[in-house]
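To be precise, the following lines are structure-v2.tsv, and they hold TSV, C-alpha atoms and all ligand atoms.
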chain	number	residue	atom	x	y	z
A	1	MET	CA	-49.35	86.95	-61.43
A	2	ILE	CA	-53.11	86.29	-61.19
A	3	HIS	CA	-55.02	85.86	-64.43
A	4	ILE	CA	-58.77	85.26	-64.24
A	5	GLU	CA	-61.00	84.78	-67.29
A	6	GLN	CA	-64.79	84.55	-67.10
A	7	LEU	CA	-64.81	82.98	-63.65
A	8	GLN	CA	-68.20	81.68	-62.51
A	9	LYS	CA	-69.39	79.69	-59.50
A	10	SER	CA	-72.96	78.93	-58.46
A	11	TYR	CA	-74.46	77.34	-55.37
A	12	GLY	CA	-77.88	76.15	-56.49
A	13	LYS	CA	-79.59	79.25	-57.84
A	14	VAL	CA	-77.12	81.66	-56.18
A	15	LYS	CA	-74.47	82.97	-58.59
A	16	ALA	CA	-71.73	83.59	-56.01
A	17	VAL	CA	-69.25	84.58	-58.75
A	18	ASN	CA	-70.83	85.74	-61.98
A	19	GLY	CA	-68.26	86.26	-64.76
A	20	ILE	CA	-65.11	87.84	-63.36
A	21	ASP	CA	-62.23	88.89	-65.63
A	22	LEU	CA	-59.14	90.22	-63.86
A	23	ARG	CA	-55.35	90.47	-64.09
A	24	VAL	CA	-53.21	91.26	-61.06
A	25	GLU	CA	-49.57	92.05	-61.83
A	26	ALA	CA	-46.58	90.89	-59.78
A	27	GLY	CA	-45.90	93.19	-56.83
A	28	GLU	CA	-49.39	94.72	-56.73
A	29	LEU	CA	-51.50	95.15	-53.61
A	30	PHE	CA	-54.97	94.54	-54.98
A	31	ALA	CA	-58.23	94.72	-53.00
A	32	PHE	CA	-61.66	93.21	-53.56
A	33	LEU	CA	-64.20	95.39	-51.83
A	34	GLY	CA	-67.84	94.48	-51.44
A	35	PRO	CA	-70.75	93.94	-49.07
A	36	ASN	CA	-71.46	90.62	-47.34
A	37	GLY	CA	-72.37	87.97	-49.86
A	38	ALA	CA	-70.74	89.79	-52.82
A	39	GLY	CA	-68.58	86.75	-53.66
A	40	LYS	CA	-65.22	87.79	-52.17
A	41	THR	CA	-64.53	84.65	-50.11
A	42	THR	CA	-65.74	82.34	-52.88
A	43	THR	CA	-63.29	83.98	-55.32
A	44	ILE	CA	-60.35	83.67	-52.89
A	45	ARG	CA	-61.23	80.05	-52.14
A	46	ILE	CA	-61.27	79.22	-55.86
A	47	LEU	CA	-57.96	81.02	-56.50
A	48	THR	CA	-56.26	79.16	-53.64
A	49	GLY	CA	-57.64	75.73	-54.58
A	50	LEU	CA	-60.07	75.31	-51.67
A	51	THR	CA	-63.26	75.47	-53.75
A	52	ARG	CA	-63.75	73.88	-57.17
A	53	ILE	CA	-64.04	76.31	-60.04
A	54	GLY	CA	-67.51	76.47	-61.66
A	55	SER	CA	-66.42	77.61	-65.12
A	56	GLY	CA	-63.80	79.92	-66.60
A	57	ARG	CA	-60.01	79.85	-66.31
A	58	VAL	CA	-57.58	80.89	-63.58
A	59	ARG	CA	-53.76	80.98	-63.68
A	60	ILE	CA	-51.57	81.82	-60.69
A	61	GLY	CA	-47.96	82.66	-61.55
A	62	GLY	CA	-48.61	81.09	-64.96
A	63	HIS	CA	-49.96	77.80	-63.53
A	64	ASP	CA	-53.51	76.80	-64.44
A	65	ILE	CA	-55.42	75.90	-61.24
A	66	VAL	CA	-57.27	73.01	-62.94
A	67	ALA	CA	-54.51	71.53	-65.12
A	68	THR	CA	-51.65	72.03	-62.60
A	69	PRO	CA	-53.28	72.44	-59.18
A	70	ARG	CA	-50.19	71.58	-57.08
A	71	GLU	CA	-47.96	74.08	-58.83
A	72	ALA	CA	-50.69	76.76	-58.69
A	73	LYS	CA	-51.29	76.13	-54.98
A	74	ARG	CA	-47.55	76.31	-54.26
A	75	GLN	CA	-47.62	79.96	-55.42
A	76	CYS	CA	-50.29	80.88	-52.86
A	77	GLY	CA	-50.24	81.73	-49.17
A	78	LEU	CA	-53.69	82.06	-47.60
A	79	VAL	CA	-54.85	83.87	-44.48
A	80	PRO	CA	-58.51	82.82	-44.18
A	81	GLN	CA	-61.24	84.97	-42.68
A	82	HIS	CA	-61.70	82.81	-39.57
A	83	ILE	CA	-58.87	81.99	-37.19
A	84	ASN	CA	-57.89	78.39	-37.87
A	85	LEU	CA	-54.78	77.97	-35.73
A	86	ASP	CA	-54.60	74.91	-33.47
A	87	SER	CA	-55.37	76.49	-30.10
A	88	GLU	CA	-53.92	73.64	-28.00
A	89	LEU	CA	-50.52	73.90	-29.73
A	90	SER	CA	-47.79	76.51	-29.43
A	91	VAL	CA	-46.85	79.20	-31.92
A	92	ARG	CA	-43.81	77.16	-33.03
A	93	GLU	CA	-45.84	73.94	-33.39
A	94	ASN	CA	-48.44	75.62	-35.60
A	95	LEU	CA	-45.72	76.83	-37.97
A	96	GLU	CA	-43.98	73.41	-37.81
A	97	ILE	CA	-47.12	71.67	-39.07
A	98	HIS	CA	-47.47	74.06	-41.98
A	99	GLY	CA	-43.77	73.68	-42.92
A	100	ARG	CA	-44.03	69.88	-42.87
A	101	LEU	CA	-47.18	69.96	-45.01
A	102	PHE	CA	-45.20	71.86	-47.63
A	103	GLY	CA	-42.30	69.39	-47.37
A	104	MET	CA	-39.79	71.89	-45.95
A	105	GLU	CA	-36.55	70.23	-44.74
A	106	THR	CA	-35.99	70.43	-40.96
A	107	PRO	CA	-33.06	72.92	-40.78
A	108	TYR	CA	-34.68	75.23	-43.36
A	109	ARG	CA	-38.06	74.95	-41.61
A	110	ARG	CA	-36.58	75.84	-38.22
A	111	ARG	CA	-34.64	78.77	-39.61
A	112	LYS	CA	-37.73	80.03	-41.45
A	113	ILE	CA	-39.89	79.81	-38.32
A	114	ARG	CA	-37.49	82.03	-36.33
A	115	GLU	CA	-37.03	84.41	-39.26
A	116	LEU	CA	-40.80	84.87	-39.76
A	117	LEU	CA	-41.59	85.19	-36.07
A	118	GLU	CA	-39.00	87.94	-35.89
A	119	TYR	CA	-40.57	89.55	-38.98
A	120	VAL	CA	-44.05	89.67	-37.41
A	121	GLU	CA	-42.58	90.55	-33.97
A	122	LEU	CA	-43.67	87.35	-32.25
A	123	LEU	CA	-40.33	85.66	-31.60
A	124	ASP	CA	-40.68	86.19	-27.86
A	125	ARG	CA	-43.96	84.16	-28.01
A	126	ILE	CA	-42.50	81.17	-29.83
A	127	ASP	CA	-43.46	78.71	-27.06
A	128	THR	CA	-46.76	80.37	-26.09
A	129	LEU	CA	-49.95	78.37	-26.60
A	130	ILE	CA	-52.31	79.83	-29.21
A	131	LYS	CA	-55.17	79.99	-26.70
A	132	GLN	CA	-53.09	82.50	-24.70
A	133	LEU	CA	-52.68	84.92	-27.64
A	134	SER	CA	-54.87	87.97	-28.32
A	135	GLY	CA	-56.81	88.31	-31.60
A	136	GLY	CA	-54.24	90.71	-33.09
A	137	LEU	CA	-51.32	88.38	-32.31
A	138	LYS	CA	-53.19	85.44	-33.83
A	139	ARG	CA	-53.72	87.43	-37.05
A	140	ARG	CA	-49.99	88.25	-37.21
A	141	LEU	CA	-49.15	84.59	-36.67
A	142	MET	CA	-51.55	83.57	-39.46
A	143	ILE	CA	-49.71	85.93	-41.82
A	144	ALA	CA	-46.36	84.39	-40.76
A	145	ARG	CA	-47.76	80.90	-41.31
A	146	ALA	CA	-49.02	81.78	-44.79
A	147	LEU	CA	-45.52	83.05	-45.69
A	148	MET	CA	-43.68	79.91	-44.48
A	149	HIS	CA	-43.34	78.24	-47.89
A	150	GLU	CA	-42.39	81.56	-49.57
A	151	PRO	CA	-45.49	82.01	-51.75
A	152	ARG	CA	-45.43	84.54	-54.58
A	153	VAL	CA	-48.99	85.70	-53.80
A	154	LEU	CA	-50.45	86.26	-50.35
A	155	PHE	CA	-54.26	86.06	-50.15
A	156	LEU	CA	-55.80	87.83	-47.18
A	157	ASP	CA	-59.53	87.33	-46.58
A	158	GLU	CA	-60.78	90.13	-44.30
A	159	PRO	CA	-57.43	90.32	-42.46
A	160	THR	CA	-58.49	92.79	-39.77
A	161	VAL	CA	-62.09	91.80	-39.10
A	162	GLY	CA	-63.00	92.30	-35.44
A	163	LEU	CA	-59.74	94.04	-34.48
A	164	ASP	CA	-59.56	97.42	-32.74
A	165	PRO	CA	-58.25	100.42	-34.74
A	166	ALA	CA	-54.73	100.47	-33.25
A	167	ILE	CA	-54.16	96.76	-33.86
A	168	ARG	CA	-55.69	97.05	-37.32
A	169	ARG	CA	-53.10	99.71	-38.23
A	170	ARG	CA	-50.30	97.42	-37.07
A	171	ILE	CA	-51.58	94.67	-39.35
A	172	TRP	CA	-51.77	97.23	-42.18
A	173	SER	CA	-48.09	98.14	-41.79
A	174	LEU	CA	-47.19	94.45	-41.76
A	175	ILE	CA	-49.17	93.89	-44.98
A	176	LYS	CA	-47.44	96.89	-46.63
A	177	ARG	CA	-44.04	95.53	-45.56
A	178	VAL	CA	-44.79	92.10	-47.05
A	179	GLN	CA	-45.67	93.80	-50.35
A	180	GLN	CA	-42.56	96.01	-50.28
A	181	ASP	CA	-40.49	92.87	-49.74
A	182	GLY	CA	-41.76	91.54	-53.08
A	183	THR	CA	-44.91	89.48	-52.46
A	184	THR	CA	-48.05	90.19	-54.51
A	185	ILE	CA	-51.05	90.75	-52.24
A	186	PHE	CA	-54.69	90.00	-52.97
A	187	LEU	CA	-56.93	91.21	-50.21
A	188	THR	CA	-60.67	91.17	-49.58
A	189	THR	CA	-62.30	93.54	-47.19
A	190	HIS	CA	-65.53	95.30	-46.41
A	191	TYR	CA	-63.63	98.04	-44.56
A	192	ILE	CA	-63.48	100.81	-47.14
A	193	GLU	CA	-60.71	102.71	-45.35
A	194	GLU	CA	-58.61	99.54	-45.37
A	195	ALA	CA	-58.80	99.31	-49.17
A	196	GLU	CA	-58.26	103.07	-49.51
A	197	PHE	CA	-55.15	102.97	-47.30
A	198	LEU	CA	-53.55	99.79	-48.59
A	199	ALA	CA	-54.46	99.06	-52.17
A	200	GLY	CA	-52.91	100.30	-55.39
A	201	ARG	CA	-56.02	99.10	-57.24
A	202	VAL	CA	-59.48	98.20	-55.98
A	203	ALA	CA	-62.30	96.22	-57.56
A	204	PHE	CA	-65.82	96.88	-56.30
A	205	LEU	CA	-67.68	93.59	-56.23
A	206	ASP	CA	-71.45	93.35	-56.17
A	207	GLN	CA	-73.54	90.19	-56.60
A	208	GLY	CA	-70.59	88.25	-57.99
A	209	ARG	CA	-69.60	90.88	-60.57
A	210	ILE	CA	-66.90	93.55	-60.74
A	211	VAL	CA	-68.77	96.84	-61.10
A	212	ALA	CA	-65.69	99.13	-61.05
A	213	LEU	CA	-61.95	98.63	-61.04
A	214	ASP	CA	-59.24	101.28	-60.67
A	215	SER	CA	-56.95	103.00	-58.19
A	216	PRO	CA	-58.75	104.46	-55.14
A	217	GLN	CA	-57.65	107.95	-56.29
A	218	ILE	CA	-59.20	107.58	-59.76
A	219	LEU	CA	-62.40	106.03	-58.41
A	220	MET	CA	-62.78	108.92	-55.96
A	221	ALA	CA	-61.84	111.57	-58.55
A	222	SER	CA	-64.69	110.35	-60.78
A	223	LEU	CA	-67.05	112.09	-58.33
A	224	GLY	CA	-65.06	115.28	-57.66
A	225	GLU	CA	-62.84	116.26	-54.75
A	226	TRP	CA	-65.35	117.66	-52.26
A	227	ALA	CA	-68.64	116.39	-50.86
A	228	VAL	CA	-71.45	118.09	-48.96
A	229	ASP	CA	-73.79	115.96	-46.82
A	230	ARG	CA	-77.24	117.38	-46.19
A	231	MET	CA	-80.04	115.88	-44.10
A	232	ASN	CA	-83.34	115.63	-45.93
A	233	GLY	CA	-86.61	113.92	-44.95
A	234	GLU	CA	-85.37	110.47	-46.07
A	235	GLY	CA	-81.79	110.53	-44.77
A	236	ILE	CA	-78.46	111.96	-45.86
A	237	GLU	CA	-78.19	113.35	-49.36
A	238	THR	CA	-74.66	113.93	-50.70
A	239	ARG	CA	-73.63	116.35	-53.45
A	240	TYR	CA	-70.19	116.29	-55.08
A	241	PHE	CA	-68.08	119.21	-56.31
A	242	ALA	CA	-64.83	119.61	-58.24
A	243	THR	CA	-63.50	122.45	-56.05
A	244	ARG	CA	-63.74	123.53	-52.43
A	245	GLU	CA	-65.07	126.94	-53.58
A	246	GLU	CA	-68.03	125.36	-55.39
A	247	ALA	CA	-68.78	123.14	-52.40
A	248	ALA	CA	-68.50	126.10	-49.99
A	249	GLY	CA	-70.81	128.16	-52.27
A	250	PHE	CA	-73.45	125.41	-52.11
A	251	THR	CA	-73.00	125.06	-48.33
A	252	SER	CA	-73.60	128.76	-47.71
A	253	SER	CA	-76.78	128.66	-49.81
A	254	GLN	CA	-78.31	126.04	-47.47
A	255	ASP	CA	-80.42	127.02	-44.48
A	256	CYS	CA	-80.20	123.67	-42.63
A	257	GLY	CA	-77.18	121.81	-41.24
A	258	VAL	CA	-74.70	120.56	-43.82
A	259	THR	CA	-71.22	119.05	-43.61
A	260	LEU	CA	-68.43	119.80	-46.05
A	261	ARG	CA	-65.71	117.14	-46.41
A	262	ARG	CA	-63.32	115.48	-48.87
A	263	VAL	CA	-64.67	112.70	-51.11
A	264	ASN	CA	-63.70	109.22	-49.88
A	265	LEU	CA	-63.78	105.73	-51.37
A	266	GLU	CA	-67.10	104.97	-49.69
A	267	ASP	CA	-68.70	107.75	-51.77
A	268	ALA	CA	-67.39	106.11	-54.94
A	269	PHE	CA	-68.65	102.71	-53.81
A	270	LEU	CA	-72.11	104.02	-52.89
A	271	HIS	CA	-72.35	105.92	-56.14
A	272	LEU	CA	-71.40	102.90	-58.26
A	273	THR	CA	-73.35	100.19	-56.44
A	274	GLY	CA	-76.07	102.12	-54.63
A	275	LYS	CA	-75.22	100.06	-51.56
A	276	LYS	CA	-73.52	100.60	-48.24
A	277	VAL	CA	-70.74	98.22	-47.25
A	278	VAL	CA	-71.67	97.08	-43.76
A	279	SER	CA	-70.54	94.11	-41.71
A	301	LIG	P1	-68.74	87.90	-46.58
A	301	LIG	O1	-68.22	89.31	-46.49
A	301	LIG	O2	-70.00	87.70	-45.81
A	301	LIG	O3	-67.71	86.84	-46.32
A	301	LIG	P2	-68.44	87.41	-49.41
A	301	LIG	O4	-68.39	88.61	-50.31
A	301	LIG	O5	-67.14	86.79	-49.07
A	301	LIG	O6	-69.25	87.75	-48.10
A	301	LIG	P3	-69.25	84.80	-50.27
A	301	LIG	O7	-69.01	84.18	-48.93
A	301	LIG	O8	-68.31	84.48	-51.37
A	301	LIG	O9	-69.39	86.37	-50.15
A	301	LIG	O10	-70.73	84.38	-50.71
A	301	LIG	C1	-71.32	84.72	-51.98
A	301	LIG	C2	-72.68	84.09	-52.09
A	301	LIG	O11	-72.55	82.66	-52.19
A	301	LIG	C3	-73.57	84.33	-50.87
A	301	LIG	O12	-74.89	84.48	-51.34
A	301	LIG	C4	-73.42	83.06	-50.06
A	301	LIG	O13	-74.56	82.81	-49.28
A	301	LIG	C5	-73.24	82.00	-51.14
A	301	LIG	N1	-72.38	80.88	-50.70
A	301	LIG	C6	-71.07	80.97	-50.39
A	301	LIG	N2	-70.58	79.76	-50.05
A	301	LIG	C7	-71.62	78.88	-50.13
A	301	LIG	C8	-71.78	77.46	-49.91
A	301	LIG	N3	-70.76	76.72	-49.54
A	301	LIG	N4	-72.99	76.93	-50.12
A	301	LIG	C9	-74.04	77.67	-50.51
A	301	LIG	N5	-73.97	79.01	-50.75
A	301	LIG	C10	-72.79	79.60	-50.56

Here is the file; what I need is its structure written in the form of structure tokens.
Ligand code: ATP
Amino acid sequence: MIHIEQLQKSYGKVKAVNGIDLRVEAGELFAFLGPNGAGKTTTIRILTGLTRIGSGRVRIGGHDIVATPREAKRQCGLVPQHINLDSELSVRENLEIHGRLFGMETPYRRRKIRELLEYVELLDRIDTLIKQLSGGLKRRLMIARALMHEPRVLFLDEPTVGLDPAIRRRIWSLIKRVQQDGTTIFLTTHYIEEAEFLAGRVAFLDQGRIVALDSPQILMASLGEWAVDRMNGEGIETRYFATREEAAGFTSSQDCGVTLRRVNLEDAFLHLTGKKVVS
């Protein structure tokens, strides 16, 4: 569904995207994970036709984004990082504008608006002004808007940034439902647990390059199953073990405070990039 070959994009001396090769299959939920400035937004903007490609080749649903930009763009629904709804208009009016932009006929557009608002549980807010909605409701509406023209791929750029944990989980179940209903999802995030929970495959991005790409389970298993954190003079040092017994053996040999826990995706990220993902 998404086919990227040797994608590059520079801003002056900054190589925002530095040679990405990637294939995302139809129906996948794929996540780009990386620290601020890693190149996640630039990649999504290129794939969805908002930023000009530097060099390389990208096809979306078989359509080349340079040779056939309209067809490629038609395959894509985008939920950008920053809320860009028209705050003086109502929920219905925001969806109306999007439907018209994509040339949707009036009866179909109206039916689709009601259907999608029901899907994201916002039908009772259809005439509410955007400025009266909470952040979580705005995010759900942005997902509905991106789905209006029935794209084959939904791009989500940091879909839960700034939301509290309960609302974040609601957005996660919505994203899972969209995937189960047949849409391919390409997501960027710097919340590791979001990628771990949602994605079938994850790419770790660092300085415009993919430094690792696999399922969260395989990336974590490359370290072992158990981790022990130990404070030393410089900070927290983590050791990894294949079995709980080995980890417990190490723990009991220590005379200072240690914590035994399961390996998570953050461990794999830190190990592979040497960096913490922080907002
Ligand atoms: P964040 O999590 O902060 O959104 P990101 O991984 O999405 O980060 P990008 O926004 O793609 O990263 O930025 C990658 C690099 O390109 C950064 O060094 C950024 O400063 C630079 N960059 C991005 N857009 C522009 C632009 N329009 N002009 C100049 N530099 C840019």

* Identify, counting all atoms listed in the file, the protein, DNA and RNA residues located within 10 Å of ligand LIG 301 (chain A), and give them as an NGL selection string. => :A and (9-17 or 32-46 or 51 or 81-82 or 157-158 or 161 or 188-190 or 205-208 or 277-279)

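The gap separating CA of Gly257 (chain A) from CA of Gly233 (chain A) is 12.8 Å, in Å to one decimal.
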
* Can you tell me, as a PyMOL selection string, what residues are no more than 10 Å from Glu193 (chain A) when counting all atoms listed in the file, ignoring any on the same chain fewer than 4 positions away? -> chain A and resi 189+197-199+264-266

* To do: Please measure the separation of CA of Arg262 (chain A) and CA of Pro165 (chain A), giving the value in Å to one decimal.
  =>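 Computed distance, CA of Arg262 (chain A) to CA of Pro165 (chain A), equals 21.3 Å.
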
* **Polymer residues at most 12 Å from (-61.0, 111.1, -56.1) by all atoms listed in the file, as a list in words** =>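 Nearby residues: Glu196, Asp214, Ser215, Pro216, Gln217, Ile218, Leu219, Met220, Ala221, Ser222, Leu223, Gly224, Glu225, Trp226, Ala227, Tyr240, Phe241, Ala242, Thr243, Arg262, Val263, Asn264, Leu265, Glu266, Asp267, Ala268 and Phe269 of chain A.
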
* Quick one, how far is CA of Thr106 (chain A) from CA of Met148 (chain A)? ->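 Atom-to-atom, CA of Thr106 (chain A) and CA of Met148 (chain A) are spaced 12.7 Å apart.
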
* Asked: Contacts of Ile130 (chain A) at 10 Å or less, counting all atoms listed in the file, minus same-chain residues fewer than 6 places along, as a list in words?
  -> Leu85, Asp86, Ser87, Glu88, Leu89, Ser90, Val91, Arg92, Glu93, Asn94, Leu137, Lys138 and Leu141 of chain A

Will you model N, CA and C atoms for region 2-14 of chain A and pass it back as an mmCIF file, in the frame of the given file?
data_model
loop_
_atom_site.group_PDB
_atom_site.id
_atom_site.type_symbol
_atom_site.label_atom_id
_atom_site.label_comp_id
_atom_site.auth_asym_id
_atom_site.auth_seq_id
_atom_site.Cartn_x
_atom_site.Cartn_y
_atom_site.Cartn_z
ATOM 1 N N ILE A 2 -51.780 86.926 -61.270
ATOM 2 C CA ILE A 2 -53.110 86.290 -61.190
ATOM 3 C C ILE A 2 -53.851 86.644 -62.479
ATOM 4 N N HIS A 3 -54.337 85.619 -63.159
ATOM 5 C CA HIS A 3 -55.020 85.860 -64.430
ATOM 6 C C HIS A 3 -56.352 85.108 -64.396
ATOM 7 N N ILE A 4 -57.438 85.862 -64.361
ATOM 8 C CA ILE A 4 -58.770 85.260 -64.240
ATOM 9 C C ILE A 4 -59.585 85.594 -65.483
ATOM 10 N N GLU A 5 -60.168 84.555 -66.088
ATOM 11 C CA GLU A 5 -61.000 84.780 -67.290
ATOM 12 C C GLU A 5 -62.378 84.165 -67.061
ATOM 13 N N GLN A 6 -63.388 85.007 -67.135
ATOM 14 C CA GLN A 6 -64.790 84.550 -67.100
ATOM 15 C C GLN A 6 -65.076 83.545 -65.982
ATOM 16 N N LEU A 7 -64.626 83.886 -64.791
ATOM 17 C CA LEU A 7 -64.810 82.980 -63.650
ATOM 18 C C LEU A 7 -66.276 83.004 -63.178
ATOM 19 N N GLN A 8 -66.827 81.793 -63.011
ATOM 20 C CA GLN A 8 -68.200 81.680 -62.510
ATOM 21 C C GLN A 8 -68.269 80.561 -61.481
ATOM 22 N N LYS A 9 -69.139 80.757 -60.481
ATOM 23 C CA LYS A 9 -69.390 79.690 -59.500
ATOM 24 C C LYS A 9 -70.792 79.888 -58.942
ATOM 25 N N SER A 10 -71.591 78.837 -58.996
ATOM 26 C CA SER A 10 -72.960 78.930 -58.460
ATOM 27 C C SER A 10 -73.150 77.919 -57.353
ATOM 28 N N TYR A 11 -73.981 78.283 -56.388
ATOM 29 C CA TYR A 11 -74.460 77.340 -55.370
ATOM 30 C C TYR A 11 -75.961 77.276 -55.546
ATOM 31 N N GLY A 12 -76.456 76.213 -56.168
ATOM 32 C CA GLY A 12 -77.880 76.150 -56.490
ATOM 33 C C GLY A 12 -78.211 77.315 -57.413
ATOM 34 N N LYS A 13 -79.186 78.121 -56.982
ATOM 35 C CA LYS A 13 -79.590 79.250 -57.840
ATOM 36 C C LYS A 13 -78.744 80.498 -57.598
ATOM 37 N N VAL A 14 -77.916 80.459 -56.514
ATOM 38 C CA VAL A 14 -77.120 81.660 -56.180
ATOM 39 C C VAL A 14 -75.865 81.695 -57.035
#
